[in-house]
Amino acid sequence: MSGERRGFRLSLVTRWSALVGTLLALGILIALGLDHFFPGQPVLVFCACLLAIVPISIITIRSQIQPILSLFRALEGTVTSYRDGDFSFSLHWPQNDELADLIAAHNELGKVLREQRLGLVQRELLLDTMVQNTPVAMLLVTDSGAGSGAIVYANLAARQLLSEGRKLEGHQLGEVLEHAAPALKEALARGGDGLFTAGEAEDEEVYHLARSSFTLNGRRHELLLLRHLTLELRRQEVQTWKKVIRVISHELNNSLAPLASLAHSGAELVRRGQTERLPQILQTIGERTRHLETFILGYARFAKLPAPRLEPTPWDAFVGRLADQVAFRLAGELPSAPAWIDAAQMEQALLNLLKNAHESGSVPGDVELSVRRVQDALRIDVLDRGAGMSDAVLANALVPFYSTKRSGTGLGLALAREIAEAHGGRILLSNREGGGLAVTLILPILPGSPA
């Protein structure tokens, strides 16, 4: 009970009991008085008592009930206000009884709701400020299919991108897209997430479209996020070119400096007439030249990887060609159905993976190749028992030009990844229990291909 209610307390039951007792006592006194004037006529006395007591009782009870009825009407009004989101009302009850406790609890509830509403409004204001000022264009539309639906919400970036800053809420998405870049309409029509470019070749802008669907107020909605990636991609492109130039410069210097030294030594030996060491010098020059040629061809192959030409390829013949070039142990049986792959590209990818397995420190007999069908996908595993990879290396192993080998180009795994993704698949790396690495290619099985 609150501090102002801790004095004398008269409950509702006590007050009403006192009222009823007072009315009964008054009735008895009136009956005794009338009996003195009308002796021997109890019915007349009773009727006279009723005529005297009933009006007094009605007036007295009404005076007691009227404030309670007013309180109930006030409670009904405040509950209606709460339902409408207005929590600013509070009530007052002058008596110190059970209703006072009810009013105190009601007012405390209103205070809690007001504080929660204020906190919610502040959080909504903060969230709206963040959403409005984010550089990512955000559109919330009713989900009625690609390129349609009413726009429910759009932030400032979306307004600038699609309507030169004008309000978008209430418009149909299809109408807004009529004035948008064709690349954006094509990206929305394709469905799913992805990149698209807009503008002319000189002023080409790159965007990433992300979309997600959910239910809001019992209706399906779709959230579209358009992120401008041009500046980020250009910065990344510059960093990549710097890294490529650094790697190529390092490799060229490591090859050209010994070549120049060997050529000078050979010329000096010829001038002196000491030609017995010339074959060895020329052989070393040839080896370094071939290494440099292999290095340059690897970069060129990665940069000019053509689109795969998918053809049915029998697994036994394909694996046989691999076995002629690098040693491995075949784990399990090969699928009976041919693979729909670009045999040359997939052979190059698996050769890189198998050679990496041999260079990992694994015993040659522990290098395995496994090919099997898993549901609607083809799984190819290259397994070894080498040193495996640390978490940092696993996170960067598929990045082009990243290598932990002193003479590595960082293109083996990156090229395998490019080939797998060009086939519509993906590549996974994981350390094996007991040591070693597992490299997994997941490739889709084309519709209509034999099971």
# chains A, B, ... in the order shown; residues from 1 in each chain; ligands from 1
>>> closest_atom_pairs(of="stretch 223-284 of chain A", to="stretch 146-166 of chain A", cutoff="10 Å", atoms="only C-alpha atoms", output="JSON lines")
{"residue": "A:Leu223", "atom": "CA", "partner": "A:Tyr153", "partner_atom": "CA", "distance": 9.3}
{"residue": "A:Leu224", "atom": "CA", "partner": "A:Ala154", "partner_atom": "CA", "distance": 9.6}
{"residue": "A:Leu225", "atom": "CA", "partner": "A:Ala158", "partner_atom": "CA", "distance": 8.9}
{"residue": "A:Leu226", "atom": "CA", "partner": "A:Ala158", "partner_atom": "CA", "distance": 8.0}
{"residue": "A:Arg227", "atom": "CA", "partner": "A:Ala157", "partner_atom": "CA", "distance": 9.6}
>>> write_last_selection(atoms="N, CA, C and O atoms", output="PDB file, in the first residue's frame")
ATOM      1  N   LEU A 223      11.660  -7.570 -48.423  1.00  0.00           N
ATOM      2  CA  LEU A 223      12.604  -6.487 -48.160  1.00  0.00           C
ATOM      3  C   LEU A 223      13.696  -6.544 -49.221  1.00  0.00           C
ATOM      4  O   LEU A 223      14.381  -7.555 -49.378  1.00  0.00           O
ATOM      5  N   LEU A 224      13.861  -5.448 -49.958  1.00  0.00           N
ATOM      6  CA  LEU A 224      14.873  -5.340 -51.006  1.00  0.00           C
ATOM      7  C   LEU A 224      15.974  -4.404 -50.529  1.00  0.00           C
ATOM      8  O   LEU A 224      15.699  -3.279 -50.087  1.00  0.00           O
ATOM      9  N   LEU A 225      17.224  -4.857 -50.602  1.00  0.00           N
ATOM     10  CA  LEU A 225      18.383  -4.062 -50.202  1.00  0.00           C
ATOM     11  C   LEU A 225      19.289  -3.896 -51.415  1.00  0.00           C
ATOM     12  O   LEU A 225      19.721  -4.884 -52.023  1.00  0.00           O
ATOM     13  N   LEU A 226      19.570  -2.643 -51.772  1.00  0.00           N
ATOM     14  CA  LEU A 226      20.436  -2.325 -52.908  1.00  0.00           C
ATOM     15  C   LEU A 226      21.676  -1.616 -52.376  1.00  0.00           C
ATOM     16  O   LEU A 226      21.590  -0.498 -51.857  1.00  0.00           O
ATOM     17  N   ARG A 227      22.810  -2.287 -52.506  1.00  0.00           N
ATOM     18  CA  ARG A 227      24.062  -1.738 -51.987  1.00  0.00           C
ATOM     19  C   ARG A 227      24.971  -1.339 -53.140  1.00  0.00           C
ATOM     20  O   ARG A 227      25.216  -2.137 -54.046  1.00  0.00           O
TER      21      ARG A 227
END
>>> select_by_dssp(residues="stretch 252-449 of chain A", states="helix (DSSP H, G or I)", output="PyMOL selection string")
chain A and resi 252-272+278-303+315-323+343-359+364-366+391-396+412-422
>>> atom_distance(atom1="atom CA of A:Thr440", atom2="atom CA of A:Glu368")
11.8 Å
>>> residues_around(residues="A:Asn107", least_positions_apart="6", cutoff="10 Å", atoms="only C-alpha atoms", output="mmCIF file with N, CA and C atoms, in the first residue's frame")
data_model
loop_
_atom_site.group_PDB
_atom_site.id
_atom_site.type_symbol
_atom_site.label_atom_id
_atom_site.label_comp_id
_atom_site.auth_asym_id
_atom_site.auth_seq_id
_atom_site.Cartn_x
_atom_site.Cartn_y
_atom_site.Cartn_z
ATOM 1 N N THR A 78 -10.231 4.884 -19.379
ATOM 2 C CA THR A 78 -8.772 4.760 -19.422
ATOM 3 C C THR A 78 -8.341 3.476 -20.117
ATOM 4 N N PHE A 87 -1.442 6.491 -22.963
ATOM 5 C CA PHE A 87 -1.226 6.057 -21.581
ATOM 6 C C PHE A 87 -1.043 7.243 -20.636
ATOM 7 N N SER A 88 -1.580 8.395 -21.000
ATOM 8 C CA SER A 88 -1.351 9.601 -20.212
ATOM 9 C C SER A 88 -2.354 9.797 -19.083
ATOM 10 N N PHE A 89 -3.399 8.969 -18.974
ATOM 11 C CA PHE A 89 -4.449 9.160 -17.973
ATOM 12 C C PHE A 89 -4.101 8.456 -16.658
ATOM 13 N N SER A 90 -4.561 9.059 -15.554
ATOM 14 C CA SER A 90 -4.489 8.418 -14.241
ATOM 15 C C SER A 90 -5.772 8.779 -13.478
ATOM 16 N N LEU A 91 -6.082 8.004 -12.444
ATOM 17 C CA LEU A 91 -7.338 8.170 -11.697
ATOM 18 C C LEU A 91 -7.050 8.507 -10.242
ATOM 19 N N HIS A 92 -8.093 9.067 -9.566
ATOM 20 C CA HIS A 92 -7.976 9.395 -8.134
ATOM 21 C C HIS A 92 -9.218 8.884 -7.408
ATOM 22 N N ASP A 101 -6.788 0.605 -3.555
ATOM 23 C CA ASP A 101 -5.714 -0.278 -4.005
ATOM 24 C C ASP A 101 -5.826 -0.560 -5.494
ATOM 25 N N LEU A 113 3.406 1.497 -18.571
ATOM 26 C CA LEU A 113 3.123 1.531 -20.005
ATOM 27 C C LEU A 113 3.644 2.821 -20.640
#
>>> closest_residue(among="A:Gly191, A:Leu256, A:Arg271, A:Pro306", to="A:Gly286", atoms="only C-alpha atoms")
A:Leu256
>>> residues_around(residues="A:Asp384", least_positions_apart="4", cutoff="6 Å", atoms="only C-alpha atoms", output="VMD selection string")
chain A and resid 357 362 366 to 367 436 to 437
>>> write_last_selection(atoms="N, CA, C and O atoms", output="short mmCIF file (atom, residue, chain, number, x, y, z; two decimals), in the first residue's frame")
data_model
loop_
_atom_site.label_atom_id
_atom_site.label_comp_id
_atom_site.auth_asym_id
_atom_site.auth_seq_id
_atom_site.Cartn_x
_atom_site.Cartn_y
_atom_site.Cartn_z
N ALA A 357 47.89 -32.15 -52.62
CA ALA A 357 47.85 -33.21 -51.62
C ALA A 357 49.22 -33.87 -51.46
O ALA A 357 49.66 -34.18 -50.35
N SER A 362 51.98 -35.43 -47.11
CA SER A 362 51.29 -36.71 -46.95
C SER A 362 52.07 -37.83 -47.63
O SER A 362 52.75 -37.63 -48.64
N ASP A 366 48.51 -42.29 -49.08
CA ASP A 366 47.36 -41.75 -48.35
C ASP A 366 46.59 -40.70 -49.13
O ASP A 366 45.63 -40.14 -48.62
N VAL A 367 47.04 -40.40 -50.34
CA VAL A 367 46.31 -39.45 -51.18
C VAL A 367 45.17 -40.19 -51.87
O VAL A 367 45.40 -41.16 -52.61
N GLY A 436 45.50 -34.10 -41.78
CA GLY A 436 45.28 -34.06 -43.22
C GLY A 436 44.17 -33.09 -43.60
O GLY A 436 43.50 -32.50 -42.75
N LEU A 437 43.99 -32.95 -44.89
CA LEU A 437 43.03 -32.00 -45.44
C LEU A 437 42.06 -32.72 -46.37
O LEU A 437 42.43 -33.68 -47.06
#
>>> select_by_dssp(residues="stretch 170-306 of chain A", states="strand (DSSP E or B)", output="list in words")
Gln172, Gly194, Leu195, Phe196, Thr197, Ala198, Glu205, Val206, Tyr207, His208, Leu209, Ala210, Arg211, Ser212, Ser213, Phe214, Thr215, Leu216, Arg219, Arg220, His221, Glu222, Leu223, Leu224, Leu225, Leu226, Arg227 and His228 of chain A
>>> decode(residues="stretch 324-416 of chain A", atoms="C-alpha atoms", output="mmCIF file, in the first residue's frame")
data_model
loop_
_atom_site.group_PDB
_atom_site.id
_atom_site.type_symbol
_atom_site.label_atom_id
_atom_site.label_comp_id
_atom_site.auth_asym_id
_atom_site.auth_seq_id
_atom_site.Cartn_x
_atom_site.Cartn_y
_atom_site.Cartn_z
ATOM 1 C CA ASP A 324 48.471 -41.352 -65.745
ATOM 2 C CA GLN A 325 49.615 -37.923 -64.516
ATOM 3 C CA VAL A 326 49.597 -38.137 -60.713
ATOM 4 C CA ALA A 327 49.434 -40.997 -58.210
ATOM 5 C CA PHE A 328 46.401 -41.467 -55.957
ATOM 6 C CA ARG A 329 44.225 -44.185 -54.490
ATOM 7 C CA LEU A 330 40.602 -44.430 -55.614
ATOM 8 C CA ALA A 331 38.221 -44.727 -52.659
ATOM 9 C CA GLY A 332 34.931 -46.449 -53.379
ATOM 10 C CA GLU A 333 33.293 -47.111 -56.718
ATOM 11 C CA LEU A 334 32.829 -44.598 -59.484
ATOM 12 C CA PRO A 335 29.288 -43.584 -60.492
ATOM 13 C CA SER A 336 27.949 -45.569 -63.416
ATOM 14 C CA ALA A 337 26.393 -42.523 -65.077
ATOM 15 C CA PRO A 338 28.733 -40.212 -67.011
ATOM 16 C CA ALA A 339 29.550 -36.766 -65.650
ATOM 17 C CA TRP A 340 28.301 -33.666 -67.462
ATOM 18 C CA ILE A 341 31.452 -31.547 -67.159
ATOM 19 C CA ASP A 342 34.088 -29.764 -69.151
ATOM 20 C CA ALA A 343 36.597 -32.601 -68.991
ATOM 21 C CA ALA A 344 39.673 -30.455 -69.692
ATOM 22 C CA GLN A 345 38.831 -27.862 -67.044
ATOM 23 C CA MET A 346 37.816 -30.404 -64.414
ATOM 24 C CA GLU A 347 40.958 -32.410 -65.111
ATOM 25 C CA GLN A 348 43.054 -29.295 -64.537
ATOM 26 C CA ALA A 349 41.235 -28.560 -61.277
ATOM 27 C CA LEU A 350 41.664 -32.089 -59.898
ATOM 28 C CA LEU A 351 45.310 -32.221 -60.994
ATOM 29 C CA ASN A 352 45.967 -29.056 -58.977
ATOM 30 C CA LEU A 353 44.210 -30.538 -55.942
ATOM 31 C CA LEU A 354 46.019 -33.892 -56.179
ATOM 32 C CA LYS A 355 49.409 -32.208 -56.602
ATOM 33 C CA ASN A 356 48.671 -30.032 -53.557
ATOM 34 C CA ALA A 357 47.855 -33.209 -51.616
ATOM 35 C CA HIS A 358 51.260 -34.682 -52.512
ATOM 36 C CA GLU A 359 52.998 -31.421 -51.569
ATOM 37 C CA SER A 360 51.253 -31.301 -48.162
ATOM 38 C CA GLY A 361 53.684 -33.789 -46.650
ATOM 39 C CA SER A 362 51.288 -36.708 -46.948
ATOM 40 C CA VAL A 363 52.501 -40.202 -47.740
ATOM 41 C CA PRO A 364 51.684 -40.806 -51.447
ATOM 42 C CA GLY A 365 49.635 -43.876 -50.544
ATOM 43 C CA ASP A 366 47.363 -41.753 -48.349
ATOM 44 C CA VAL A 367 46.313 -39.445 -51.184
ATOM 45 C CA GLU A 368 42.764 -40.489 -52.117
ATOM 46 C CA LEU A 369 40.146 -39.527 -54.672
ATOM 47 C CA SER A 370 36.470 -40.226 -54.022
ATOM 48 C CA VAL A 371 33.565 -39.617 -56.421
ATOM 49 C CA ARG A 372 29.968 -40.292 -55.406
ATOM 50 C CA ARG A 373 26.457 -38.992 -55.876
ATOM 51 C CA VAL A 374 24.802 -37.356 -52.849
ATOM 52 C CA GLN A 375 21.093 -36.665 -53.403
ATOM 53 C CA ASP A 376 20.935 -34.295 -56.394
ATOM 54 C CA ALA A 377 24.615 -33.357 -56.389
ATOM 55 C CA LEU A 378 27.945 -34.878 -57.332
ATOM 56 C CA ARG A 379 30.609 -34.922 -54.599
ATOM 57 C CA ILE A 380 34.314 -35.222 -55.422
ATOM 58 C CA ASP A 381 36.739 -35.480 -52.464
ATOM 59 C CA VAL A 382 40.519 -35.179 -52.580
ATOM 60 C CA LEU A 383 41.947 -36.425 -49.268
ATOM 61 C CA ASP A 384 45.429 -36.451 -47.798
ATOM 62 C CA ARG A 385 47.169 -37.048 -44.478
ATOM 63 C CA GLY A 386 49.462 -34.048 -44.554
ATOM 64 C CA ALA A 387 49.821 -31.190 -42.097
ATOM 65 C CA GLY A 388 46.381 -29.721 -42.785
ATOM 66 C CA MET A 389 45.734 -25.971 -42.550
ATOM 67 C CA SER A 390 45.453 -23.467 -39.739
ATOM 68 C CA ASP A 391 42.275 -21.432 -39.341
ATOM 69 C CA ALA A 392 43.917 -18.383 -40.922
ATOM 70 C CA VAL A 393 45.079 -20.370 -43.944
ATOM 71 C CA LEU A 394 41.659 -22.034 -44.329
ATOM 72 C CA ALA A 395 40.034 -18.599 -44.393
ATOM 73 C CA ASN A 396 42.316 -17.350 -47.189
ATOM 74 C CA ALA A 397 43.298 -20.485 -49.092
ATOM 75 C CA LEU A 398 40.769 -19.900 -51.895
ATOM 76 C CA VAL A 399 41.743 -16.251 -52.403
ATOM 77 C CA PRO A 400 43.714 -15.734 -55.645
ATOM 78 C CA PHE A 401 47.474 -15.173 -55.199
ATOM 79 C CA TYR A 402 47.388 -16.311 -51.547
ATOM 80 C CA SER A 403 50.021 -18.962 -50.914
ATOM 81 C CA THR A 404 52.023 -20.282 -47.961
ATOM 82 C CA LYS A 405 54.613 -21.923 -50.237
ATOM 83 C CA ARG A 406 57.841 -20.069 -50.942
ATOM 84 C CA SER A 407 57.531 -20.697 -54.689
ATOM 85 C CA GLY A 408 53.730 -20.909 -54.801
ATOM 86 C CA THR A 409 51.624 -18.680 -57.061
ATOM 87 C CA GLY A 410 48.431 -18.921 -55.025
ATOM 88 C CA LEU A 411 46.464 -19.986 -58.115
ATOM 89 C CA GLY A 412 45.967 -23.742 -57.691
ATOM 90 C CA LEU A 413 43.031 -23.650 -55.293
ATOM 91 C CA ALA A 414 41.737 -20.378 -56.760
ATOM 92 C CA LEU A 415 41.636 -21.936 -60.247
ATOM 93 C CA ALA A 416 39.855 -25.026 -58.869
#
